[in-house]
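To be precise, the following lines are work.tsv, and they hold TSV, C-alpha atoms and all ligand atoms.
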```tsv
chain	number	residue	atom	x	y	z
A	1	MET	CA	-50.62	14.77	-34.01
A	2	ARG	CA	-51.44	15.06	-30.27
A	3	TRP	CA	-54.68	17.05	-30.51
A	4	ARG	CA	-57.54	16.76	-32.89
A	5	LYS	CA	-58.75	20.08	-34.14
A	6	SER	CA	-62.21	21.15	-33.00
A	7	SER	CA	-65.07	19.83	-35.11
A	8	ARG	CA	-65.73	23.43	-36.17
A	9	LEU	CA	-62.24	23.77	-37.58
A	10	GLU	CA	-62.44	20.37	-39.19
A	11	LYS	CA	-65.47	21.61	-41.12
A	12	LEU	CA	-63.19	23.99	-43.04
A	13	PRO	CA	-63.22	23.09	-46.73
A	14	PRO	CA	-59.94	21.62	-48.05
A	15	TYR	CA	-57.45	24.36	-48.70
A	16	LEU	CA	-57.41	24.73	-52.45
A	17	PHE	CA	-54.27	26.76	-52.79
A	18	THR	CA	-51.78	24.33	-51.25
A	19	GLU	CA	-50.34	23.30	-54.59
A	20	ILE	CA	-50.21	26.85	-55.92
A	21	GLU	CA	-48.58	28.10	-52.74
A	22	LYS	CA	-45.97	25.34	-52.99
A	23	ILE	CA	-45.10	26.49	-56.50
A	24	ILE	CA	-44.88	30.14	-55.37
A	25	THR	CA	-42.71	29.25	-52.36
A	26	GLN	CA	-40.38	27.22	-54.58
A	27	LYS	CA	-40.13	30.07	-57.09
A	28	ARG	CA	-39.36	32.54	-54.30
A	29	LYS	CA	-36.58	30.24	-53.07
A	30	GLU	CA	-35.17	30.20	-56.59
A	31	ARG	CA	-35.38	34.05	-56.54
A	32	LYS	CA	-37.62	34.10	-59.59
A	33	ASP	CA	-38.89	37.54	-60.53
A	34	LEU	CA	-42.55	36.93	-59.65
A	35	ILE	CA	-45.13	39.53	-60.62
A	36	SER	CA	-48.06	39.18	-58.26
A	37	PHE	CA	-51.63	40.30	-58.89
A	38	GLY	CA	-52.57	38.15	-55.90
A	39	VAL	CA	-53.25	40.23	-52.83
A	40	GLY	CA	-55.63	43.18	-52.55
A	41	ASP	CA	-53.23	45.23	-50.48
A	42	PRO	CA	-52.76	48.80	-51.78
A	43	ASP	CA	-49.24	49.61	-52.96
A	44	VAL	CA	-50.09	53.34	-53.10
A	45	PRO	CA	-49.11	54.47	-49.59
A	46	PRO	CA	-51.29	56.49	-47.21
A	47	PRO	CA	-50.86	60.24	-47.68
A	48	LYS	CA	-48.11	61.94	-45.67
A	49	PHE	CA	-50.48	63.74	-43.29
A	50	ILE	CA	-51.85	60.40	-42.08
A	51	LEU	CA	-48.37	58.97	-41.56
A	52	GLU	CA	-47.36	62.13	-39.68
A	53	ALA	CA	-50.46	61.91	-37.48
A	54	LEU	CA	-49.65	58.26	-36.76
A	55	ALA	CA	-46.06	59.09	-35.80
A	56	ARG	CA	-47.14	62.03	-33.63
A	57	GLU	CA	-49.87	60.11	-31.84
A	58	ALA	CA	-47.68	57.03	-31.36
A	59	LEU	CA	-45.14	59.21	-29.51
A	60	ASN	CA	-47.72	60.19	-26.91
A	61	PRO	CA	-47.37	57.68	-24.04
A	62	LYS	CA	-51.04	58.14	-23.13
A	63	ASN	CA	-52.01	56.65	-26.46
A	64	HIS	CA	-50.61	53.27	-25.43
A	65	ASN	CA	-53.32	52.43	-22.88
A	66	TYR	CA	-56.34	50.23	-23.55
A	67	SER	CA	-59.08	51.78	-25.61
A	68	PHE	CA	-62.81	51.06	-25.20
A	69	SER	CA	-64.02	48.02	-27.18
A	70	GLN	CA	-66.64	50.10	-28.92
A	71	GLY	CA	-64.13	52.83	-29.86
A	72	GLU	CA	-63.27	56.23	-28.42
A	73	GLU	CA	-65.95	58.91	-28.35
A	74	GLU	CA	-63.96	61.22	-30.63
A	75	PHE	CA	-63.41	58.46	-33.18
A	76	LYS	CA	-67.09	57.58	-33.27
A	77	ARG	CA	-67.96	61.26	-33.64
A	78	ALA	CA	-65.54	61.54	-36.58
A	79	VAL	CA	-67.16	58.50	-38.23
A	80	ALA	CA	-70.64	60.02	-37.80
A	81	GLU	CA	-69.43	63.33	-39.25
A	82	TRP	CA	-67.85	61.51	-42.19
A	83	TYR	CA	-71.13	59.70	-42.90
A	84	LYS	CA	-72.96	62.99	-42.81
A	85	LYS	CA	-70.51	64.64	-45.23
A	86	ARG	CA	-70.02	61.71	-47.55
A	87	PHE	CA	-73.49	60.10	-47.63
A	88	SER	CA	-75.81	62.67	-45.96
A	89	VAL	CA	-76.65	59.94	-43.43
A	90	ASP	CA	-77.33	60.90	-39.80
A	91	LEU	CA	-75.80	58.63	-37.17
A	92	ASN	CA	-75.84	58.86	-33.41
A	93	PRO	CA	-72.17	58.35	-32.53
A	94	GLU	CA	-73.09	56.95	-29.11
A	95	THR	CA	-75.38	54.17	-30.28
A	96	GLU	CA	-74.99	53.74	-34.03
A	97	VAL	CA	-71.21	53.53	-34.47
A	98	ALA	CA	-68.63	50.95	-33.34
A	99	ALA	CA	-64.89	50.94	-34.00
A	100	LEU	CA	-63.46	47.73	-35.44
A	101	ILE	CA	-59.96	46.30	-35.56
A	102	GLY	CA	-60.37	46.18	-39.32
A	103	SER	CA	-63.78	45.43	-40.82
A	104	LYS	CA	-62.90	41.73	-41.16
A	105	GLU	CA	-63.34	41.09	-37.45
A	106	GLY	CA	-66.70	42.85	-37.41
A	107	LEU	CA	-67.91	40.83	-40.38
A	108	ALA	CA	-66.76	37.65	-38.66
A	109	ASN	CA	-68.25	38.57	-35.25
A	110	ILE	CA	-71.68	39.88	-36.22
A	111	SER	CA	-73.31	36.46	-36.73
A	112	ARG	CA	-72.35	35.41	-33.19
A	113	ALA	CA	-74.36	38.33	-31.85
A	114	PHE	CA	-77.64	37.50	-33.60
A	115	LEU	CA	-77.73	33.96	-34.96
A	116	ASN	CA	-78.12	30.69	-33.13
A	117	PRO	CA	-76.34	27.60	-34.40
A	118	GLY	CA	-78.36	26.03	-37.21
A	119	GLU	CA	-79.93	29.28	-38.35
A	120	LYS	CA	-79.33	30.26	-41.93
A	121	VAL	CA	-77.44	33.10	-43.50
A	122	LEU	CA	-77.41	34.38	-47.08
A	123	VAL	CA	-73.89	34.52	-48.46
A	124	PRO	CA	-72.92	35.77	-51.94
A	125	ASP	CA	-70.97	33.39	-54.17
A	126	PRO	CA	-68.32	34.34	-55.24
A	127	ALA	CA	-67.42	36.43	-52.18
A	128	TYR	CA	-64.81	37.60	-49.74
A	129	PRO	CA	-64.53	34.37	-47.69
A	130	VAL	CA	-65.00	35.94	-44.25
A	131	TYR	CA	-68.81	36.11	-44.49
A	132	LEU	CA	-69.09	32.38	-44.94
A	133	ASN	CA	-66.35	31.38	-42.56
A	134	GLY	CA	-67.38	33.82	-39.83
A	135	ALA	CA	-70.92	32.45	-39.78
A	136	THR	CA	-70.29	28.78	-40.42
A	137	LEU	CA	-66.91	28.23	-38.79
A	138	LEU	CA	-67.32	30.45	-35.75
A	139	ASN	CA	-71.04	30.15	-35.25
A	140	ASP	CA	-72.31	26.90	-36.83
A	141	ASN	CA	-74.74	28.70	-39.11
A	142	ILE	CA	-75.94	27.24	-42.36
A	143	PRO	CA	-75.12	29.13	-45.55
A	144	VAL	CA	-77.64	29.76	-48.30
A	145	PHE	CA	-75.60	30.80	-51.30
A	146	MET	CA	-76.66	33.67	-53.54
A	147	PRO	CA	-75.05	33.11	-56.95
A	148	LEU	CA	-73.57	36.32	-58.36
A	149	LEU	CA	-73.69	35.68	-62.08
A	150	GLU	CA	-72.30	37.75	-64.91
A	151	GLU	CA	-75.67	37.68	-66.73
A	152	ASN	CA	-77.20	39.42	-63.66
A	153	ASN	CA	-74.37	41.97	-63.42
A	154	PHE	CA	-73.13	40.00	-60.40
A	155	LEU	CA	-76.17	41.01	-58.35
A	156	PRO	CA	-78.27	38.50	-56.40
A	157	LYS	CA	-81.67	37.39	-57.71
A	158	LEU	CA	-83.74	37.84	-54.59
A	159	ASN	CA	-86.90	36.16	-55.84
A	160	GLU	CA	-85.01	32.89	-56.41
A	161	LEU	CA	-83.86	32.50	-52.80
A	162	SER	CA	-85.32	29.97	-50.41
A	163	MET	CA	-85.88	31.97	-47.22
A	164	GLU	CA	-86.96	29.42	-44.63
A	165	ASN	CA	-85.14	29.99	-41.32
A	166	VAL	CA	-82.89	32.66	-42.90
A	167	LYS	CA	-82.08	35.49	-40.52
A	168	MET	CA	-79.14	37.39	-41.97
A	169	MET	CA	-77.72	38.45	-45.33
A	170	PHE	CA	-74.24	39.56	-46.34
A	171	LEU	CA	-73.75	41.86	-49.29
A	172	ASN	CA	-70.74	43.70	-50.66
A	173	TYR	CA	-70.63	46.42	-53.32
A	174	PRO	CA	-68.36	47.63	-54.86
A	175	ASN	CA	-67.71	43.93	-54.94
A	176	ASN	CA	-64.66	41.83	-54.25
A	177	PRO	CA	-63.88	39.80	-56.36
A	178	THR	CA	-66.11	40.77	-59.32
A	179	GLY	CA	-65.63	44.57	-59.27
A	180	ALA	CA	-69.42	44.92	-59.71
A	181	VAL	CA	-71.24	47.95	-58.36
A	182	ILE	CA	-74.82	48.54	-57.24
A	183	SER	CA	-77.48	51.19	-57.85
A	184	LYS	CA	-79.67	52.85	-55.24
A	185	GLU	CA	-82.69	51.21	-56.93
A	186	LYS	CA	-81.27	47.74	-56.30
A	187	LEU	CA	-80.49	48.72	-52.71
A	188	GLU	CA	-84.13	49.79	-52.30
A	189	GLU	CA	-85.19	46.36	-53.52
A	190	ILE	CA	-82.87	44.76	-50.98
A	191	VAL	CA	-84.23	46.84	-48.09
A	192	GLU	CA	-87.77	45.93	-49.18
A	193	PHE	CA	-86.74	42.26	-49.19
A	194	ALA	CA	-85.31	42.66	-45.67
A	195	LYS	CA	-88.63	44.14	-44.51
A	196	GLU	CA	-90.61	41.24	-46.01
A	197	ASN	CA	-88.35	38.66	-44.39
A	198	ASN	CA	-87.33	40.46	-41.17
A	199	LEU	CA	-83.75	40.05	-42.32
A	200	ILE	CA	-80.58	41.55	-40.86
A	201	ILE	CA	-78.52	43.09	-43.68
A	202	CYS	CA	-74.75	43.17	-43.19
A	203	TYR	CA	-73.59	45.51	-45.92
A	204	ASP	CA	-69.85	45.57	-46.61
A	205	ASN	CA	-68.87	48.92	-48.12
A	206	ALA	CA	-65.08	48.53	-47.79
A	207	TYR	CA	-64.46	49.79	-51.34
A	208	SER	CA	-66.85	52.78	-51.41
A	209	GLU	CA	-63.98	55.23	-52.02
A	210	LEU	CA	-62.24	53.18	-54.67
A	211	THR	CA	-64.43	53.95	-57.66
A	212	PHE	CA	-63.95	55.14	-61.24
A	213	ASP	CA	-65.60	56.82	-64.21
A	214	GLY	CA	-67.78	59.09	-62.08
A	215	TYR	CA	-69.49	56.24	-60.22
A	216	GLU	CA	-70.23	57.18	-56.58
A	217	ALA	CA	-70.83	54.21	-54.32
A	218	PRO	CA	-73.93	54.61	-52.17
A	219	SER	CA	-74.34	53.64	-48.54
A	220	ILE	CA	-77.25	51.29	-47.88
A	221	LEU	CA	-78.17	53.66	-45.04
A	222	GLN	CA	-79.18	56.24	-47.65
A	223	ILE	CA	-82.22	54.09	-48.42
A	224	ASN	CA	-85.44	54.82	-46.50
A	225	ASP	CA	-85.92	52.54	-43.47
A	226	ALA	CA	-82.58	50.80	-44.08
A	227	LYS	CA	-81.49	51.68	-40.57
A	228	ASP	CA	-84.25	49.40	-39.24
A	229	TYR	CA	-82.48	46.39	-40.76
A	230	ALA	CA	-78.91	47.18	-41.73
A	231	VAL	CA	-75.46	47.45	-40.33
A	232	GLU	CA	-72.82	48.76	-42.73
A	233	PHE	CA	-69.16	47.80	-42.46
A	234	HIS	CA	-66.43	50.17	-43.46
A	235	SER	CA	-62.70	50.20	-43.38
A	236	CYS	CA	-59.78	52.59	-43.51
A	237	SER	CA	-57.83	49.78	-45.23
A	238	LYS	CA	-58.66	50.53	-48.85
A	239	THR	CA	-60.03	54.05	-48.38
A	240	PHE	CA	-56.82	55.40	-46.85
A	241	SER	CA	-54.37	52.56	-47.72
A	242	MET	CA	-54.17	51.66	-44.01
A	243	THR	CA	-54.52	47.86	-44.28
A	244	GLY	CA	-51.82	47.08	-41.72
A	245	ASP	CA	-53.11	49.61	-39.20
A	246	ARG	CA	-56.24	47.53	-38.68
A	247	ILE	CA	-59.00	50.03	-38.30
A	248	GLY	CA	-62.56	49.94	-39.53
A	249	PHE	CA	-66.05	50.68	-38.25
A	250	ALA	CA	-69.61	49.41	-38.22
A	251	VAL	CA	-72.54	51.80	-38.37
A	252	GLY	CA	-76.31	51.59	-38.53
A	253	ASN	CA	-79.08	49.97	-36.51
A	254	ALA	CA	-78.44	50.60	-32.79
A	255	GLU	CA	-79.57	47.11	-31.74
A	256	LEU	CA	-77.21	45.48	-34.22
A	257	ILE	CA	-74.32	47.73	-33.16
A	258	ASP	CA	-75.04	46.97	-29.50
A	259	GLY	CA	-74.97	43.20	-30.15
A	260	LEU	CA	-71.73	43.46	-32.07
A	261	ILE	CA	-70.12	45.48	-29.27
A	262	LYS	CA	-71.28	42.93	-26.68
A	263	VAL	CA	-69.51	40.13	-28.57
A	264	LYS	CA	-66.41	42.24	-29.09
A	265	SER	CA	-66.18	43.35	-25.48
A	266	GLN	CA	-65.74	39.68	-24.50
A	267	ILE	CA	-62.85	39.08	-26.86
A	268	ASP	CA	-61.00	42.30	-27.64
A	269	SER	CA	-60.36	45.92	-26.72
A	270	GLY	CA	-60.68	48.77	-29.20
A	271	PRO	CA	-58.16	49.60	-31.92
A	272	GLN	CA	-54.98	51.29	-30.69
A	273	LEU	CA	-55.62	54.85	-29.53
A	274	TYR	CA	-52.94	56.28	-31.80
A	275	ILE	CA	-54.46	54.51	-34.79
A	276	GLN	CA	-57.94	55.82	-33.96
A	277	LYS	CA	-56.52	59.34	-33.67
A	278	ALA	CA	-54.74	59.12	-37.02
A	279	ALA	CA	-57.92	57.69	-38.58
A	280	ILE	CA	-59.83	60.71	-37.25
A	281	LYS	CA	-57.45	62.96	-39.22
A	282	ALA	CA	-58.00	60.83	-42.30
A	283	LEU	CA	-61.80	61.01	-41.97
A	284	GLU	CA	-61.65	64.76	-41.34
A	285	SER	CA	-59.84	65.25	-44.64
A	286	TYR	CA	-63.24	64.95	-46.33
A	287	THR	CA	-64.79	68.40	-46.44
A	288	SER	CA	-67.74	67.54	-48.68
A	289	ASN	CA	-69.40	64.50	-50.28
A	290	GLN	CA	-66.54	64.49	-52.80
A	291	PRO	CA	-63.30	62.73	-51.91
A	292	PRO	CA	-60.24	64.90	-51.22
A	293	SER	CA	-57.71	65.34	-54.03
A	294	TYR	CA	-55.27	62.69	-52.76
A	295	ILE	CA	-58.00	60.05	-53.08
A	296	LYS	CA	-58.94	61.23	-56.57
A	297	GLU	CA	-55.26	61.08	-57.59
A	298	ARG	CA	-54.87	57.61	-56.06
A	299	ASN	CA	-57.92	56.38	-57.96
A	300	MET	CA	-56.46	57.75	-61.20
A	301	ILE	CA	-53.40	55.56	-60.63
A	302	TYR	CA	-55.58	52.43	-60.27
A	303	LYS	CA	-57.71	53.54	-63.22
A	304	GLU	CA	-54.68	53.78	-65.52
A	305	ARG	CA	-53.62	50.29	-64.47
A	306	ARG	CA	-57.18	48.98	-64.90
A	307	ASP	CA	-57.51	50.42	-68.40
A	308	TYR	CA	-54.18	48.97	-69.51
A	309	LEU	CA	-54.73	45.50	-68.06
A	310	VAL	CA	-58.30	45.16	-69.35
A	311	LYS	CA	-57.26	46.23	-72.86
A	312	GLU	CA	-54.38	43.75	-72.90
A	313	LEU	CA	-56.32	40.81	-71.45
A	314	LYS	CA	-59.11	41.34	-73.96
A	315	SER	CA	-56.66	41.49	-76.83
A	316	MET	CA	-55.39	38.08	-75.68
A	317	GLY	CA	-58.89	36.60	-76.00
A	318	LEU	CA	-59.89	36.72	-72.33
A	319	LYS	CA	-63.14	38.36	-71.26
A	320	CYS	CA	-63.32	41.15	-68.71
A	321	ASP	CA	-64.97	44.52	-68.18
A	322	LYS	CA	-63.51	47.64	-66.65
A	323	PRO	CA	-64.73	47.55	-63.05
A	324	LYS	CA	-66.35	50.77	-61.82
A	325	GLY	CA	-65.25	49.98	-58.29
A	326	THR	CA	-62.52	48.09	-56.35
A	327	PHE	CA	-59.07	47.38	-57.71
A	328	TYR	CA	-59.88	43.93	-59.04
A	329	VAL	CA	-60.21	42.82	-62.64
A	330	TRP	CA	-62.47	39.75	-62.75
A	331	THR	CA	-61.56	37.87	-65.88
A	332	LYS	CA	-63.22	34.98	-67.62
A	333	CYS	CA	-60.48	32.54	-68.50
A	334	PHE	CA	-62.50	29.89	-70.43
A	335	GLU	CA	-60.98	27.01	-68.47
A	336	ASP	CA	-60.88	25.89	-64.88
A	337	SER	CA	-59.38	28.65	-62.80
A	338	MET	CA	-56.73	26.55	-61.07
A	339	SER	CA	-55.28	25.32	-64.38
A	340	PHE	CA	-55.24	28.86	-65.72
A	341	VAL	CA	-53.45	30.18	-62.65
A	342	LYS	CA	-50.89	27.37	-62.88
A	343	LYS	CA	-50.30	28.34	-66.51
A	344	LEU	CA	-49.67	31.95	-65.41
A	345	LEU	CA	-47.20	30.68	-62.86
A	346	GLU	CA	-45.16	29.08	-65.63
A	347	VAL	CA	-44.23	32.64	-66.63
A	348	ASP	CA	-43.92	33.79	-63.01
A	349	VAL	CA	-47.19	35.69	-62.88
A	350	VAL	CA	-49.45	35.25	-59.83
A	351	ALA	CA	-53.23	35.74	-59.84
A	352	THR	CA	-56.06	34.33	-57.72
A	353	PRO	CA	-58.24	31.50	-59.06
A	354	GLY	CA	-61.91	32.44	-58.94
A	355	VAL	CA	-62.92	29.12	-57.39
A	356	GLY	CA	-61.24	30.31	-54.18
A	357	PHE	CA	-64.14	32.76	-53.77
A	358	GLY	CA	-66.84	30.11	-54.21
A	359	LYS	CA	-68.27	27.64	-56.68
A	360	TYR	CA	-69.65	30.39	-58.93
A	361	GLY	CA	-66.18	31.91	-59.17
A	362	GLU	CA	-65.07	28.89	-61.23
A	363	GLY	CA	-63.99	29.86	-64.74
A	364	TYR	CA	-62.72	33.26	-63.59
A	365	VAL	CA	-59.47	34.62	-62.27
A	366	ARG	CA	-58.95	37.77	-60.16
A	367	PHE	CA	-56.17	40.23	-60.91
A	368	ALA	CA	-55.51	42.81	-58.14
A	369	LEU	CA	-54.25	46.10	-59.55
A	370	THR	CA	-51.88	46.63	-56.67
A	371	ILE	CA	-48.63	46.66	-58.62
A	372	PRO	CA	-47.08	49.49	-60.67
A	373	LEU	CA	-47.97	49.94	-64.33
A	374	ASP	CA	-44.51	48.95	-65.61
A	375	LYS	CA	-44.86	45.59	-63.81
A	376	ILE	CA	-48.35	45.15	-65.27
A	377	LYS	CA	-46.89	45.79	-68.74
A	378	GLU	CA	-44.17	43.22	-68.18
A	379	ALA	CA	-46.71	40.71	-66.85
A	380	CYS	CA	-48.86	41.18	-69.95
A	381	GLU	CA	-45.88	40.49	-72.19
A	382	ARG	CA	-45.25	37.29	-70.27
A	383	ILE	CA	-48.92	36.21	-70.34
A	384	ARG	CA	-49.12	36.85	-74.07
A	385	LYS	CA	-46.38	34.23	-74.60
A	386	ILE	CA	-48.50	31.44	-73.11
A	387	LEU	CA	-51.95	32.29	-74.45
B	1	LIG	C1	-64.83	42.95	-49.46
B	1	LIG	C2	-63.90	43.13	-48.31
B	1	LIG	N1	-64.41	43.43	-47.12
B	1	LIG	C3	-63.63	43.58	-46.05
B	1	LIG	C4	-62.26	43.43	-46.14
B	1	LIG	C5	-61.45	43.53	-44.90
B	1	LIG	O1	-60.81	44.69	-44.74
B	1	LIG	P1	-60.15	45.11	-43.37
B	1	LIG	O2	-60.33	44.00	-42.38
B	1	LIG	O3	-58.73	45.35	-43.69
B	1	LIG	O4	-60.89	46.32	-42.93
B	1	LIG	C6	-61.68	43.12	-47.38
B	1	LIG	C7	-60.23	42.93	-47.50
B	1	LIG	O5	-59.69	42.60	-48.50
B	1	LIG	C8	-62.53	42.97	-48.49
B	1	LIG	O6	-62.05	42.66	-49.69
```
Give the structure from the file, written as structure tokens.
Amino acid sequence: MRWRKSSRLEKLPPYLFTEIEKIITQKRKERKDLISFGVGDPDVPPPKFILEALAREALNPKNHNYSFSQGEEEFKRAVAEWYKKRFSVDLNPETEVAALIGSKEGLANISRAFLNPGEKVLVPDPAYPVYLNGATLLNDNIPVFMPLLEENNFLPKLNELSMENVKMMFLNYPNNPTGAVISKEKLEEIVEFAKENNLIICYDNAYSELTFDGYEAPSILQINDAKDYAVEFHSCSKTFSMTGDRIGFAVGNAELIDGLIKVKSQIDSGPQLYIQKAAIKALESYTSNQPPSYIKERNMIYKERRDYLVKELKSMGLKCDKPKGTFYVWTKCFEDSMSFVKKLLEVDVVATPGVGFGKYGEGYVRFALTIPLDKIKEACERIRKIL
């Protein structure tokens, strides 16, 4: 190799999935009929009116110029109006909203705006890996892991955390990968904790619209004084099935939004104008705090899949609950997660080993409900043969 990777990149933990990916690649070459619960990418498409808006806006040549890094005024206004309708939260679109090229980049960039190398950041474990990698890989911060344990309903135990030199906290509910949800009371406790420790809260609410059984996901900004400490990250990816369009937003404390925009303005421009304009139509489809019918219908599809898979997995001796949010079924497999996933691969079923989300994910496996019910049924028949 001619060039050594930067020391930051060399700090990346060894890639755990190499062996599993090799097996999957080989099976694909052999044209095996793989059934994959691997990726959390919605298979239910965006509704037609969003696709039509995208097509219409993409045909307008003016929508192919640069957009502002922080997002267009009309997009930020639409986000503020959506927050008002959905969460009864007031936001100033000029100072308290930023457009993101998907929420992932915002989550990865925020630590660079507020943390110096060597400062500490609270990261849930297991978790969506971007919190950890954004802070440690891109910004040389030191992680303090918050174990999310089943016995605590996958919520962090705040009084057990060592807080010296900790400046920022990441949190995500409805939670990937565990499917856990949070109450307003727990969010109040978290805001109180932020006050005591002068902590920046980065709250990832990417799955707020993917909920079941009457559960309504709160925004942390609904909690008194939260706006003094919190920035909330949102995404059109799961809400409107627009993963590939790359559009999200950050809202909340004006100082935090300003810092995030300053970082972003050095490295990117805003999301494509035609995407922002289609996203405005999507956000405007909410007319009250209740989701529009197409979202309710979409959630019913995931719910039916969830109910079926959970029932089947339990009947095979595995342990899982029906998640009230997200489209992930977090399943206790009673062995190490890599071995279990390799066993599933023997019958051409793909799932994600829990250890890939952190040390406390060991012993679990994540099934994403992003495949049709008939495929889930077939997968269950296959899994039953090996358990
Ligand atoms: C918890 C969580 N947050 C954020 C994201 C990123 O979403 P996007 O960058 O598509 O907005 C994901 C994607 O899977 C996720 O699971």
So which one's closest to ligand LIG 1 (chain B), A:Cys236, A:Leu221, A:Val166, A:Leu54? Using all atoms listed in the file, please.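 That would be A:Cys236, the residue with the smallest distance to ligand LIG 1 (chain B).
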Can you measure atom CA of A:Pro124 to atom CA of A:Leu91 for me? One decimal in Å is fine.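 These two atoms are separated by 27.4 Å.
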Around stretch 356-361 of chain A, fit a box with edges along x, y and z, padding it by 8 Å on each side, then list its centre and edge lengths in Å to one decimal as AutoDock Vina command-line options.
```
--center_x -65.4 --center_y 30.2 --center_z -56.5 --size_x 24.4 --size_y 21.1 --size_z 21.4
```
Neighbour list for A:Tyr215 as a PyMOL selection string, cut-off 9 Å, all atoms listed in the file, skip fewer than 6 positions in-chain: chain A and resi 181+324-325
Taking into account all atoms listed in the file, which residue in the set A:Ala379, A:Ala194, A:Ala127, A:Ile295 is nearest to A:Met163?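 Of A:Ala379, A:Ala194, A:Ala127, A:Ile295, the one nearest A:Met163, counting all atoms listed in the file, is A:Ala194.
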Near-ligand residues for ligand LIG 1 (chain B), threshold 10 Å, only C-alpha atoms and all ligand atoms, as a CSV table (one decimal) with C-alpha atoms, keeping the file's coordinate frame:
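Wrote out.csv, looks like this:
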```csv
chain,number,residue,atom,x,y,z
A,39,VAL,CA,-53.2,40.2,-52.8
A,40,GLY,CA,-55.6,43.2,-52.6
A,41,ASP,CA,-53.2,45.2,-50.5
A,42,PRO,CA,-52.8,48.8,-51.8
A,100,LEU,CA,-63.5,47.7,-35.4
A,101,ILE,CA,-60.0,46.3,-35.6
A,102,GLY,CA,-60.4,46.2,-39.3
A,103,SER,CA,-63.8,45.4,-40.8
A,104,LYS,CA,-62.9,41.7,-41.2
A,105,GLU,CA,-63.3,41.1,-37.4
A,106,GLY,CA,-66.7,42.8,-37.4
A,107,LEU,CA,-67.9,40.8,-40.4
A,108,ALA,CA,-66.8,37.6,-38.7
A,127,ALA,CA,-67.4,36.4,-52.2
A,128,TYR,CA,-64.8,37.6,-49.7
A,129,PRO,CA,-64.5,34.4,-47.7
A,130,VAL,CA,-65.0,35.9,-44.2
A,131,TYR,CA,-68.8,36.1,-44.5
A,171,LEU,CA,-73.8,41.9,-49.3
A,172,ASN,CA,-70.7,43.7,-50.7
A,173,TYR,CA,-70.6,46.4,-53.3
A,174,PRO,CA,-68.4,47.6,-54.9
A,175,ASN,CA,-67.7,43.9,-54.9
A,176,ASN,CA,-64.7,41.8,-54.2
A,177,PRO,CA,-63.9,39.8,-56.4
A,179,GLY,CA,-65.6,44.6,-59.3
A,203,TYR,CA,-73.6,45.5,-45.9
A,204,ASP,CA,-69.8,45.6,-46.6
A,205,ASN,CA,-68.9,48.9,-48.1
A,206,ALA,CA,-65.1,48.5,-47.8
A,207,TYR,CA,-64.5,49.8,-51.3
A,233,PHE,CA,-69.2,47.8,-42.5
A,234,HIS,CA,-66.4,50.2,-43.5
A,235,SER,CA,-62.7,50.2,-43.4
A,236,CYS,CA,-59.8,52.6,-43.5
A,237,SER,CA,-57.8,49.8,-45.2
A,238,LYS,CA,-58.7,50.5,-48.8
A,239,THR,CA,-60.0,54.0,-48.4
A,241,SER,CA,-54.4,52.6,-47.7
A,242,MET,CA,-54.2,51.7,-44.0
A,243,THR,CA,-54.5,47.9,-44.3
A,244,GLY,CA,-51.8,47.1,-41.7
A,245,ASP,CA,-53.1,49.6,-39.2
A,246,ARG,CA,-56.2,47.5,-38.7
A,247,ILE,CA,-59.0,50.0,-38.3
A,248,GLY,CA,-62.6,49.9,-39.5
A,249,PHE,CA,-66.0,50.7,-38.2
A,326,THR,CA,-62.5,48.1,-56.4
A,327,PHE,CA,-59.1,47.4,-57.7
A,328,TYR,CA,-59.9,43.9,-59.0
```
Calculated over only C-alpha atoms, which of the candidates A:Ala99, A:Leu283, A:Leu345, A:Leu148 has the smallest distance to A:Tyr83? A:Leu283
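Shortest atom-to-atom contact with A:Lys311 among A:Pro45, A:Asp90, A:Lys84, A:Cys380: A:Cys380, counting all atoms listed in the file.
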A:Lys48 environment, 12 Å, only C-alpha atoms, sequence neighbours closer than 2 positions dropped, as an MDAnalysis selection string: chainID A and resid 44:46 50:55 240:241 278 281:282 294
Excluding A:Gly356 and any residue of its chain fewer than 6 positions from it, enumerate the residues within 10 Å of it, using only C-alpha atoms, and give them as a list in words.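 That gives Tyr15, Leu16, Phe17, Pro126, Ala127, Tyr128, Pro129, Ser337, Met338, Glu362, Tyr364, Val365 and Arg366 of chain A.
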Record the distance separating atom CA of A:Ser219 and atom CA of A:Glu232, expressed in Å with one decimal. 7.7 Å
Go ahead and find all residues with at least one atom no further than 12 Å from (-74.4, 48.0, -29.3) in the file's coordinates, using all atoms listed in the file; report them as a VMD selection string. chain A and resid 69 to 71 92 to 99 110 113 to 114 231 250 to 265
Taking all atoms listed in the file into account, name the residue in A:Lys277, A:Arg382, A:Lys359, A:Arg8 that is nearest to A:Val79. A:Lys277
Can you tell me how far atom CA of A:Glu335 sits from atom CA of A:Asn152, in Å to one decimal?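 Going from atom CA of A:Glu335 over to atom CA of A:Asn152, I get 21.0 Å.
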Determine the nearest neighbour of A:Lys319 from the options A:Thr331, A:Asn299, A:Thr370, A:Ser36, counting only C-alpha atoms.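 Counting only C-alpha atoms, the residue closest to A:Lys319 is A:Thr331.
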Please list, as a count of residues only, the residues that have an atom at most 7 Å away from (-46.8, 29.9, -71.9) in the coordinates of this file, counting only C-alpha atoms. 7
Polymer residues at most 12 Å from A:Glu189, all atoms listed in the file, same-chain spacing of 2 or more positions, as a list in words: Leu155, Pro156, Lys157, Leu158, Asn159, Ile182, Ser183, Lys184, Glu185, Lys186, Leu187, Val191, Glu192, Phe193, Ala194, Lys195, Glu196, Ile220, Ile223, Asn224, Asp225 and Ala226 of chain A
A:Asn63: which residues within 6 Å, counting only C-alpha atoms, same-chain residues fewer than 3 positions away excluded, as number ranges by chain? A: 60, 273-274
